[in-house]
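Participant: Sharing a structure, written as structure tokens. Questions coming.
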Amino acid sequence: MTASLHPFETLTPDLVMDALASVGLYGDGRLMALSSYENRVYQAHLEDGGAVVAKFYRPQRWSDEQILEEHSFSAELMAAEVPVVGPLTLKGSTLNHFGDFAFSVSPRRGGRPPELDDPDVLEWVGRFLARIHAVGAQRPFVSRPALDMQSFGIESREWLLAHEQVPLDVQTLWAKTSQDAIDTIASCPYFSDLTARFDPEAEPIDTIRLHGDCHPGNILWTPLDAPAGAMPGPHFVDLDDARSGPAVQDLWMLLSGDRPQRTRQLGALVDGYEQFRDFDRRELALIEPLRTLRLIHYSAWLARRWADPTFPINFPWFGSSDYWKGQVQMLQDQIEAMQEEPLVV
């Protein structure tokens with residue numbers, strides 16, 4: 001491997017097949033890359049007629065301990081009969097190594113995106129999110145980090161500026177607007193000590209183990225008329241971003257549209273959620289701060305991954321002055337949104 005060669009450029013089809021063979025899975029030659037930017041994920045057909053999904057982890061992103069902690073969380077969820085697709089145990093472990101890569105193998109599960117404009121679907125998803133959180137609240141993560149303002153907001157902003165990722169013609173404005181956004185987030189009780197300062201007897205908002213990246217693409221829906229063995233309804237995939245944080249982090253990314261639409265969607269999610277677990281209404285005030293942190297973190301994520309050849313191909317619009325001017329506008333909109341009354345359900 002040369003210094004200019006990205007690690008994933010060495011991940012050839014032959015290497016993928018050899019890695020699978022090293023854990024006793026022999027492919028028939030059919031290999032299909034699945035959509036994934038952070039890692040590399042492949043569907044492989046096997047000689048015995050089955051099919052599996054192999055995930056090759058981005059080198060140096062997570063430690064083995066952090067990956068195994070994610071796998072352990074998946075195992076806990078599956079043991080609780082929550083429809084999560086977790087890795088298989090092969091050669092005595094859910095995490096194996098081949099060449100320069102750590103990888104895991106999961107069963108193949110099909111599905112389609114959930115129809116999130118349907119309140120019944122949202123209520124069903126809400127029930128399963130509550131069951132994920134009921135398990136997640138039983139014990140903390142030890143190795144995996146928390147979703148916090150320092151790592152998602154402050155460090156992301158400082159990295160972008162230190163590495164001169166923002167064009168000069170918009171750098172001053174973006175730097176000021178992003179700092180204003182972070183200052184606004186800092187005034188939120190969850191991200192500061194304001195709650196304890198103003199009300200020493202107030203209970204803190206719980207921090208629990210989360211899916212962490214619960215956007216619609218990470219929920220697959222099996223039609224209700226499918227056989228019972230196919231587990232009709234939602235099932236959750238890709239716990240790669242599992243972190244600790246407030247429960248509402250796994251709800252807000254499922255909301256879209258104007259305020260009345262988001263209110264209706266949230267109401268359906270919470271209706272389902274509260275059939276299995278109480279939802280702390282104070283967390284509704286965290287939706288816009290969490291959205292703002294994700295906005296800043298997303299720009300830093302793209303910039304940090306730019307040496308990976310797949311990123312310039314799939315995100316050609318990133319990095320231009322127009323992109324950063326758009327980010328300024330979105331951050332200004334978020335500052336206003338954070339000062340509005342939170343959604344009510």
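Residues are referred to by chain and number: the chain letter is A, B, ... according to the order shown in the structure tokens, the number counts from 1 in that chain, and ligands are numbered separately from 1 in the order shown.
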Residues near range 94-101 of chain A, anyone? I mean within 6 Å using only C-alpha atoms, not counting same-chain ones fewer than 6 positions away, as a tab-separated table (two decimals) with N, CA and C atoms, in the first residue's frame.

Facilitator:
chain	number	residue	atom	x	y	z
A	19	ALA	N	-11.67	-13.03	2.47
A	19	ALA	CA	-12.03	-12.75	3.87
A	19	ALA	C	-13.20	-13.61	4.30
A	87	PRO	N	-24.75	-8.90	13.69
A	87	PRO	CA	-23.74	-9.75	13.06
A	87	PRO	C	-23.79	-11.19	13.56
A	88	LEU	N	-23.31	-12.10	12.70
A	88	LEU	CA	-23.21	-13.51	13.04
A	88	LEU	C	-21.92	-13.78	13.81

Participant: Which residues of range 242-262 of chain A come within 9 Å of range 284-306 of chain A, and what is each one's closest atom pair and distance in Å (one decimal), counting only C-alpha atoms, sorted by chain and residue number, as a tab-separated table?

Facilitator:
residue	atom	partner	partner_atom	distance
A:Pro246	CA	A:Leu286	CA	8.5
A:Val248	CA	A:Ile287	CA	7.0
A:Gln249	CA	A:Leu290	CA	7.1
A:Leu251	CA	A:Ile287	CA	8.8
A:Trp252	CA	A:Ile287	CA	6.2
A:Met253	CA	A:Arg291	CA	8.2

Participant: Okay, now the selection with C-alpha atoms, as an mmCIF file, in the first residue's frame?

Facilitator:
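The resulting result-v4.cif:
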data_model
loop_
_atom_site.group_PDB
_atom_site.id
_atom_site.type_symbol
_atom_site.label_atom_id
_atom_site.label_comp_id
_atom_site.auth_asym_id
_atom_site.auth_seq_id
_atom_site.Cartn_x
_atom_site.Cartn_y
_atom_site.Cartn_z
ATOM 1 C CA PRO A 246 -31.063 11.540 24.780
ATOM 2 C CA VAL A 248 -35.202 12.026 21.145
ATOM 3 C CA GLN A 249 -32.071 11.663 18.977
ATOM 4 C CA LEU A 251 -36.915 10.204 16.799
ATOM 5 C CA TRP A 252 -36.222 13.600 15.264
ATOM 6 C CA MET A 253 -34.587 12.366 12.042
#

Participant: So that I can check the surroundings of Gly49 in chain A, please list as a ChimeraX atom specification every protein, DNA and RNA residue that reaches within 12 Å of it, counting only C-alpha atoms and ignoring chain neighbours fewer than 5 positions away.

Facilitator: /A:25-30,44

Participant: Using DSSP on the backbone coordinates, identify all residues within range 177-320 of chain A classified as helix (DSSP H, G or I); present the result as an MDAnalysis selection string.

Facilitator: chainID A and resid 177:186 189:191 194:198 216:218 228:230 249:252 259:273 281:304 310:314

Participant: Select, from A:Glu65, A:Thr89, A:Val105, A:Glu155, the residue with the minimum atom-to-atom distance to Phe141 in chain A, counting only C-alpha atoms.

Facilitator: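 The shortest atom-to-atom distance to Phe141 in chain A comes from A:Glu65.
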
Participant: Find, counting only C-alpha atoms, the residue in A:Leu161, A:Ala181, A:Leu255, A:Ala242 that gets nearest to Leu331 in chain A.

Facilitator: A:Ala181

Participant: Using only C-alpha atoms, which residue out of A:Leu269, A:Leu11, A:Ala137, A:Cys214 lies closest to Leu239 in chain A?

Facilitator: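 Checking each of A:Leu269, A:Leu11, A:Ala137, A:Cys214 against Leu239 in chain A, counting only C-alpha atoms, the winner is A:Cys214.
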
Participant: Which is closer to Trp62 in chain A than all the others in A:Val345, A:Leu20, A:Leu5, A:Ala102, using only C-alpha atoms?

Facilitator: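 So, comparing all the options, the nearest one is A:Ala102.
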
Participant: For Tyr57 in chain A, which of A:Lys91, A:Pro7, A:Glu81, A:His215 is the closest residue, counting only C-alpha atoms?

Facilitator: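 Using only C-alpha atoms, Tyr57 in chain A sits closest to A:Pro7.
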
Participant: Could you check which of A:Val170, A:Ile154, A:Val125, A:Ala33 is closest to Phe236 in chain A, using only C-alpha atoms?

Facilitator: A:Val125

Participant: Residues of range 84-220 of chain A classed as strand (DSSP E) by DSSP on the backbone are to be reported as a list in words.

Facilitator: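 Answer for range 84-220 of chain A restricted to strand (DSSP E) is Asn96, His97, Phe98, Phe101, Ala102, Phe103, Ser104, Val105, Ser106, Pro107, Ile208, Arg209, Ile219 and Leu220 of chain A.
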
Participant: I need the residues from that last selection saved to file as a compact mmCIF listing (two decimals), in the first residue's frame (with C-alpha atoms), if you can.

Facilitator:
# COMPACT_ATOMS: atom_id res chain seq x y z
CA ASN A 96 -12.96 -10.90 12.43
CA HIS A 97 -9.85 -9.63 10.66
CA PHE A 98 -8.37 -10.24 7.24
CA PHE A 101 -9.45 -4.86 7.65
CA ALA A 102 -11.83 -5.69 10.47
CA PHE A 103 -15.10 -7.11 9.18
CA SER A 104 -18.38 -8.62 10.30
CA VAL A 105 -21.01 -10.69 8.50
CA SER A 106 -24.77 -10.40 8.95
CA PRO A 107 -27.77 -12.24 7.58
CA ILE A 208 -28.99 6.11 27.20
CA ARG A 209 -27.56 3.83 24.53
CA ILE A 219 -35.24 1.31 8.76
CA LEU A 220 -36.39 -1.39 6.36

Participant: Can you tell me which residues surround Asp240 in chain A at a distance of at most 9 Å, considering only C-alpha atoms, apart from same-chain residues fewer than 5 positions away, and format the answer as a ChimeraX atom specification?

Facilitator: /A:67,70,211-213

Participant: What lies within 10 Å of Ser321 in chain A using only C-alpha atoms, ignoring chain neighbours under 4 positions off, as a list in words?

Facilitator: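 What passes the distance filter is Val166, Pro167, Leu168, Asp169, Val170, Gln171, Trp317, Lys325, Gly326 and Gln327 of chain A.
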
Participant: Can I get the selected residues back with N, CA and C atoms, as a short mmCIF file (atom, residue, chain, number, x, y, z; two decimals), in the first residue's frame?

Facilitator:
data_model
loop_
_atom_site.label_atom_id
_atom_site.label_comp_id
_atom_site.auth_asym_id
_atom_site.auth_seq_id
_atom_site.Cartn_x
_atom_site.Cartn_y
_atom_site.Cartn_z
N VAL A 166 -13.13 25.99 4.58
CA VAL A 166 -14.14 26.96 4.18
C VAL A 166 -13.49 28.02 3.29
N PRO A 167 -13.99 28.25 2.08
CA PRO A 167 -13.38 29.25 1.18
C PRO A 167 -13.30 30.63 1.83
N LEU A 168 -12.27 31.37 1.46
CA LEU A 168 -12.02 32.67 2.09
C LEU A 168 -13.19 33.63 1.95
N ASP A 169 -13.90 33.57 0.81
CA ASP A 169 -14.96 34.56 0.58
C ASP A 169 -16.17 34.36 1.50
N VAL A 170 -16.26 33.19 2.16
CA VAL A 170 -17.37 32.95 3.07
C VAL A 170 -16.89 32.52 4.45
N GLN A 171 -15.58 32.43 4.65
CA GLN A 171 -15.03 31.89 5.89
C GLN A 171 -15.42 32.71 7.11
N TRP A 317 -20.81 18.41 -5.09
CA TRP A 317 -21.19 19.77 -4.74
C TRP A 317 -20.52 20.27 -3.47
N LYS A 325 -22.13 28.94 1.53
CA LYS A 325 -23.15 29.99 1.70
C LYS A 325 -24.49 29.35 2.08
N GLY A 326 -24.77 28.19 1.49
CA GLY A 326 -25.98 27.47 1.88
C GLY A 326 -25.93 27.02 3.32
N GLN A 327 -24.75 26.61 3.78
CA GLN A 327 -24.61 26.22 5.18
C GLN A 327 -24.83 27.40 6.13
#

Participant: Measure the distance from CA of Tyr273 in chain A to CA of Ala130 in chain A in Å and round it to one decimal.

Facilitator: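 For CA of Tyr273 in chain A relative to CA of Ala130 in chain A, the distance reads 4.9 Å.
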